[in-house]
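Asker: Sharing a structure, written as structure tokens. Questions coming.
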Amino acid sequence: AKYVELTVTWVESAKLTITKANAAGSKKLSGAVYGVYSDKACTSLLVKMPPTDANGTSTVELNASGTVYLKELTPPKGFKLSTEVTAVNLAAGTTVTKSFKDDEIMGSIKVTKQGQVLTGATSDSNGTTFIYETDKLPGATYSVTAGADITSADGTVVHKKGASVGTIKTGSNGEGTLSNLHMGTYVVTETGAPANYVNKGESKTVTLTAGSTSADVTGTAAFSNDRQKVEVTAVKQDKLTETVIQGAVYGLYADADIKNAAGTVIVKKDALIGKVTTGSDGKGKFSADL
């Protein structure tokens, strides 16, 4: 028989534990994956740690001592990837614990409002034709409610279905935004139209969903309002019998300067807007789009 004698020196390993929580520190987060690197630039990976468990914890053993570097590779679902690099000093036979927090991916709802605005006019001996173009409208107001239960990424219900979440008002560019929203479904309802426009109480549903990146999410809802319009009709009657009279001619005139949406006078006071002749019913309706 022949024998071989071995002398073994066991290398004592170091343990590295991380814990992951939300930004407030109130909820532990599962699914976060960290890499352990030998260099600060995080180009030389020593080991990829297992995902954090339901307690927000992950542990790995390393046959290394000295300084290593931690960097997040995969964030928990619904949270932003941290770009922070953390130096950790390891020593054989010891356990080092590091705690980290991630910010939740949040969203915004941007509303745009448009409608016809008065931009110009053309006039001749027969009257005036007004010119309208579609443009953004300021001054529209909206309510935002939860279209379903809204939960944060850590599972906490923050708004019950139907609850009021906030309001939006369009500015001079016809846009308005409500920010700092959790992912979920929202209902945007018009509560007030700009002056001289029709409020139809229209509602639109906007769903915010976190994507594959860590970027915040923006949902959009576009609304269009009809102009409030005016009809002017002249009625001609006999003064004594009130019998309707056909063939009377009337003119419609500007009682004051008329300005366009930019504030420029496009029709002078006393300018002729239109003419009409009463028909067999004694009525004549002006055709100008007032």
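Simple scheme: letters A, B, ... for chains in structure tokens order, numbers from 1 for residues in each chain, numbers from 1 for ligands in the order shown.
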Please list as a list of chain:residue names every residue within 9 Å of A:Ile18, counting only C-alpha atoms and excluding residues in the same chain fewer than 6 positions away.

Answerer: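 Those residues are A:Tyr34, A:Thr52, A:Gly56, A:Thr57, A:Ser58, A:Thr59, A:Val96, A:Thr97, A:Lys98, A:Ser99, A:Phe100.
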
Asker: Generate a file of the selected residues that holds N, CA and C atoms, formatted as a PDB file, in the first residue's frame.

Answerer:
ATOM      1  N   TYR A  34     -27.715  42.281  -7.410  1.00  0.00           N
ATOM      2  CA  TYR A  34     -26.492  43.087  -7.336  1.00  0.00           C
ATOM      3  C   TYR A  34     -25.302  42.276  -7.837  1.00  0.00           C
ATOM      4  N   THR A  52     -32.829  39.452  -4.216  1.00  0.00           N
ATOM      5  CA  THR A  52     -33.309  39.618  -2.840  1.00  0.00           C
ATOM      6  C   THR A  52     -34.618  38.852  -2.657  1.00  0.00           C
ATOM      7  N   GLY A  56     -36.353  41.107   1.436  1.00  0.00           N
ATOM      8  CA  GLY A  56     -35.463  42.109   0.862  1.00  0.00           C
ATOM      9  C   GLY A  56     -33.996  41.815   1.078  1.00  0.00           C
ATOM     10  N   THR A  57     -33.652  40.524   1.297  1.00  0.00           N
ATOM     11  CA  THR A  57     -32.286  40.163   1.671  1.00  0.00           C
ATOM     12  C   THR A  57     -31.650  39.229   0.645  1.00  0.00           C
ATOM     13  N   SER A  58     -30.336  39.406   0.441  1.00  0.00           N
ATOM     14  CA  SER A  58     -29.543  38.509  -0.387  1.00  0.00           C
ATOM     15  C   SER A  58     -28.162  38.378   0.233  1.00  0.00           C
ATOM     16  N   THR A  59     -27.611  37.138   0.242  1.00  0.00           N
ATOM     17  CA  THR A  59     -26.303  36.890   0.860  1.00  0.00           C
ATOM     18  C   THR A  59     -25.440  36.071  -0.080  1.00  0.00           C
ATOM     19  N   VAL A  96     -20.494  41.325   6.366  1.00  0.00           N
ATOM     20  CA  VAL A  96     -20.746  42.742   6.142  1.00  0.00           C
ATOM     21  C   VAL A  96     -22.151  42.882   5.551  1.00  0.00           C
ATOM     22  N   THR A  97     -22.941  43.785   6.120  1.00  0.00           N
ATOM     23  CA  THR A  97     -24.302  44.020   5.639  1.00  0.00           C
ATOM     24  C   THR A  97     -24.429  45.446   5.132  1.00  0.00           C
ATOM     25  N   LYS A  98     -24.990  45.581   3.946  1.00  0.00           N
ATOM     26  CA  LYS A  98     -25.232  46.891   3.358  1.00  0.00           C
ATOM     27  C   LYS A  98     -26.719  47.029   3.013  1.00  0.00           C
ATOM     28  N   SER A  99     -27.263  48.205   3.274  1.00  0.00           N
ATOM     29  CA  SER A  99     -28.668  48.466   3.003  1.00  0.00           C
ATOM     30  C   SER A  99     -28.804  49.462   1.860  1.00  0.00           C
ATOM     31  N   PHE A 100     -29.777  49.208   0.996  1.00  0.00           N
ATOM     32  CA  PHE A 100     -30.004  50.061  -0.164  1.00  0.00           C
ATOM     33  C   PHE A 100     -31.495  50.367  -0.310  1.00  0.00           C
TER      34      PHE A 100
END

Asker: Contacts between stretch 76-89 of chain A and stretch 195-239 of chain A, please, where a residue of stretch 195-239 of chain A counts if it comes within 12 Å (with only C-alpha atoms); show its shortest atom pair and distance in Å to one decimal, rows by chain and ascending number, as CSV.

Answerer:
residue,atom,partner,partner_atom,distance
A:Leu208,CA,A:Gly78,CA,11.4
A:Thr209,CA,A:Gly78,CA,9.0
A:Ala210,CA,A:Gly78,CA,6.2
A:Gly211,CA,A:Gly78,CA,8.4
A:Ser212,CA,A:Gly78,CA,9.2
A:Thr213,CA,A:Lys80,CA,7.8
A:Ser214,CA,A:Lys80,CA,4.5
A:Ala215,CA,A:Lys80,CA,7.3
A:Asp216,CA,A:Lys80,CA,8.6
A:Val217,CA,A:Gly78,CA,11.1

Asker: Write the residues of the preceding selection, restricted to all heavy atoms, as a PDB file, in the first residue's frame.

Answerer:
ATOM      1  N   LEU A 208     -51.138  54.228 -16.918  1.00  0.00           N
ATOM      2  CA  LEU A 208     -49.690  54.384 -16.757  1.00  0.00           C
ATOM      3  C   LEU A 208     -49.095  53.019 -16.442  1.00  0.00           C
ATOM      4  O   LEU A 208     -49.505  52.357 -15.484  1.00  0.00           O
ATOM      5  CB  LEU A 208     -49.377  55.368 -15.634  1.00  0.00           C
ATOM      6  CG  LEU A 208     -49.950  56.780 -15.780  1.00  0.00           C
ATOM      7  CD1 LEU A 208     -49.604  57.623 -14.558  1.00  0.00           C
ATOM      8  CD2 LEU A 208     -49.424  57.450 -17.046  1.00  0.00           C
ATOM      9  N   THR A 209     -48.123  52.599 -17.254  1.00  0.00           N
ATOM     10  CA  THR A 209     -47.490  51.289 -17.081  1.00  0.00           C
ATOM     11  C   THR A 209     -45.985  51.459 -17.126  1.00  0.00           C
ATOM     12  O   THR A 209     -45.448  52.063 -18.061  1.00  0.00           O
ATOM     13  CB  THR A 209     -47.923  50.311 -18.192  1.00  0.00           C
ATOM     14  OG1 THR A 209     -49.359  50.225 -18.206  1.00  0.00           O
ATOM     15  CG2 THR A 209     -47.348  48.938 -17.958  1.00  0.00           C
ATOM     16  N   ALA A 210     -45.289  50.923 -16.119  1.00  0.00           N
ATOM     17  CA  ALA A 210     -43.834  50.997 -16.087  1.00  0.00           C
ATOM     18  C   ALA A 210     -43.257  50.164 -17.222  1.00  0.00           C
ATOM     19  O   ALA A 210     -43.675  49.021 -17.450  1.00  0.00           O
ATOM     20  CB  ALA A 210     -43.310  50.501 -14.746  1.00  0.00           C
ATOM     21  N   GLY A 211     -42.310  50.731 -17.950  1.00  0.00           N
ATOM     22  CA  GLY A 211     -41.686  50.028 -19.061  1.00  0.00           C
ATOM     23  C   GLY A 211     -40.466  49.242 -18.640  1.00  0.00           C
ATOM     24  O   GLY A 211     -40.223  48.996 -17.453  1.00  0.00           O
ATOM     25  N   SER A 212     -39.681  48.858 -19.618  1.00  0.00           N
ATOM     26  CA  SER A 212     -38.485  48.054 -19.350  1.00  0.00           C
ATOM     27  C   SER A 212     -37.322  48.901 -18.857  1.00  0.00           C
ATOM     28  O   SER A 212     -36.327  48.370 -18.382  1.00  0.00           O
ATOM     29  CB  SER A 212     -38.065  47.314 -20.624  1.00  0.00           C
ATOM     30  OG  SER A 212     -37.826  48.232 -21.687  1.00  0.00           O
ATOM     31  N   THR A 213     -37.434  50.215 -18.973  1.00  0.00           N
ATOM     32  CA  THR A 213     -36.385  51.099 -18.484  1.00  0.00           C
ATOM     33  C   THR A 213     -36.803  51.687 -17.141  1.00  0.00           C
ATOM     34  O   THR A 213     -37.899  51.449 -16.652  1.00  0.00           O
ATOM     35  CB  THR A 213     -36.119  52.239 -19.483  1.00  0.00           C
ATOM     36  OG1 THR A 213     -37.253  53.107 -19.515  1.00  0.00           O
ATOM     37  CG2 THR A 213     -35.883  51.686 -20.882  1.00  0.00           C
ATOM     38  N   SER A 214     -35.910  52.465 -16.558  1.00  0.00           N
ATOM     39  CA  SER A 214     -36.191  53.086 -15.272  1.00  0.00           C
ATOM     40  C   SER A 214     -36.800  54.472 -15.410  1.00  0.00           C
ATOM     41  O   SER A 214     -36.982  55.167 -14.413  1.00  0.00           O
ATOM     42  CB  SER A 214     -34.894  53.182 -14.455  1.00  0.00           C
ATOM     43  OG  SER A 214     -34.407  51.897 -14.160  1.00  0.00           O
ATOM     44  N   ALA A 215     -37.110  54.863 -16.631  1.00  0.00           N
ATOM     45  CA  ALA A 215     -37.603  56.225 -16.849  1.00  0.00           C
ATOM     46  C   ALA A 215     -39.028  56.375 -16.330  1.00  0.00           C
ATOM     47  O   ALA A 215     -39.827  55.437 -16.366  1.00  0.00           O
ATOM     48  CB  ALA A 215     -37.560  56.561 -18.336  1.00  0.00           C
ATOM     49  N   ASP A 216     -39.336  57.581 -15.820  1.00  0.00           N
ATOM     50  CA  ASP A 216     -40.705  57.882 -15.427  1.00  0.00           C
ATOM     51  C   ASP A 216     -41.608  57.851 -16.659  1.00  0.00           C
ATOM     52  O   ASP A 216     -41.160  58.034 -17.792  1.00  0.00           O
ATOM     53  CB  ASP A 216     -40.776  59.249 -14.740  1.00  0.00           C
ATOM     54  CG  ASP A 216     -40.206  59.208 -13.327  1.00  0.00           C
ATOM     55  OD1 ASP A 216     -40.186  58.125 -12.726  1.00  0.00           O
ATOM     56  OD2 ASP A 216     -39.779  60.270 -12.829  1.00  0.00           O
ATOM     57  N   VAL A 217     -42.896  57.635 -16.420  1.00  0.00           N
ATOM     58  CA  VAL A 217     -43.863  57.394 -17.498  1.00  0.00           C
ATOM     59  C   VAL A 217     -44.788  58.598 -17.643  1.00  0.00           C
ATOM     60  O   VAL A 217     -45.209  59.185 -16.643  1.00  0.00           O
ATOM     61  CB  VAL A 217     -44.696  56.129 -17.191  1.00  0.00           C
ATOM     62  CG1 VAL A 217     -45.743  55.899 -18.273  1.00  0.00           C
ATOM     63  CG2 VAL A 217     -43.781  54.919 -17.057  1.00  0.00           C
TER      64      VAL A 217
END

Asker: With distances taken over only C-alpha atoms, which residue among A:Ala234, A:Ala21, A:Ile168, A:Leu73 lies nearest A:Lys113?

Answerer: A:Ile168

Asker: If you measure from atom CA of A:His182 to atom CA of A:Thr167, what distance in Å do you get, rounded to one decimal?

Answerer: 15.4 Å

Asker: Taking only C-alpha atoms into account, name the residue in A:Lys200, A:Lys283, A:Lys275, A:Lys20 that is nearest to A:Asp103.

Answerer: A:Lys20
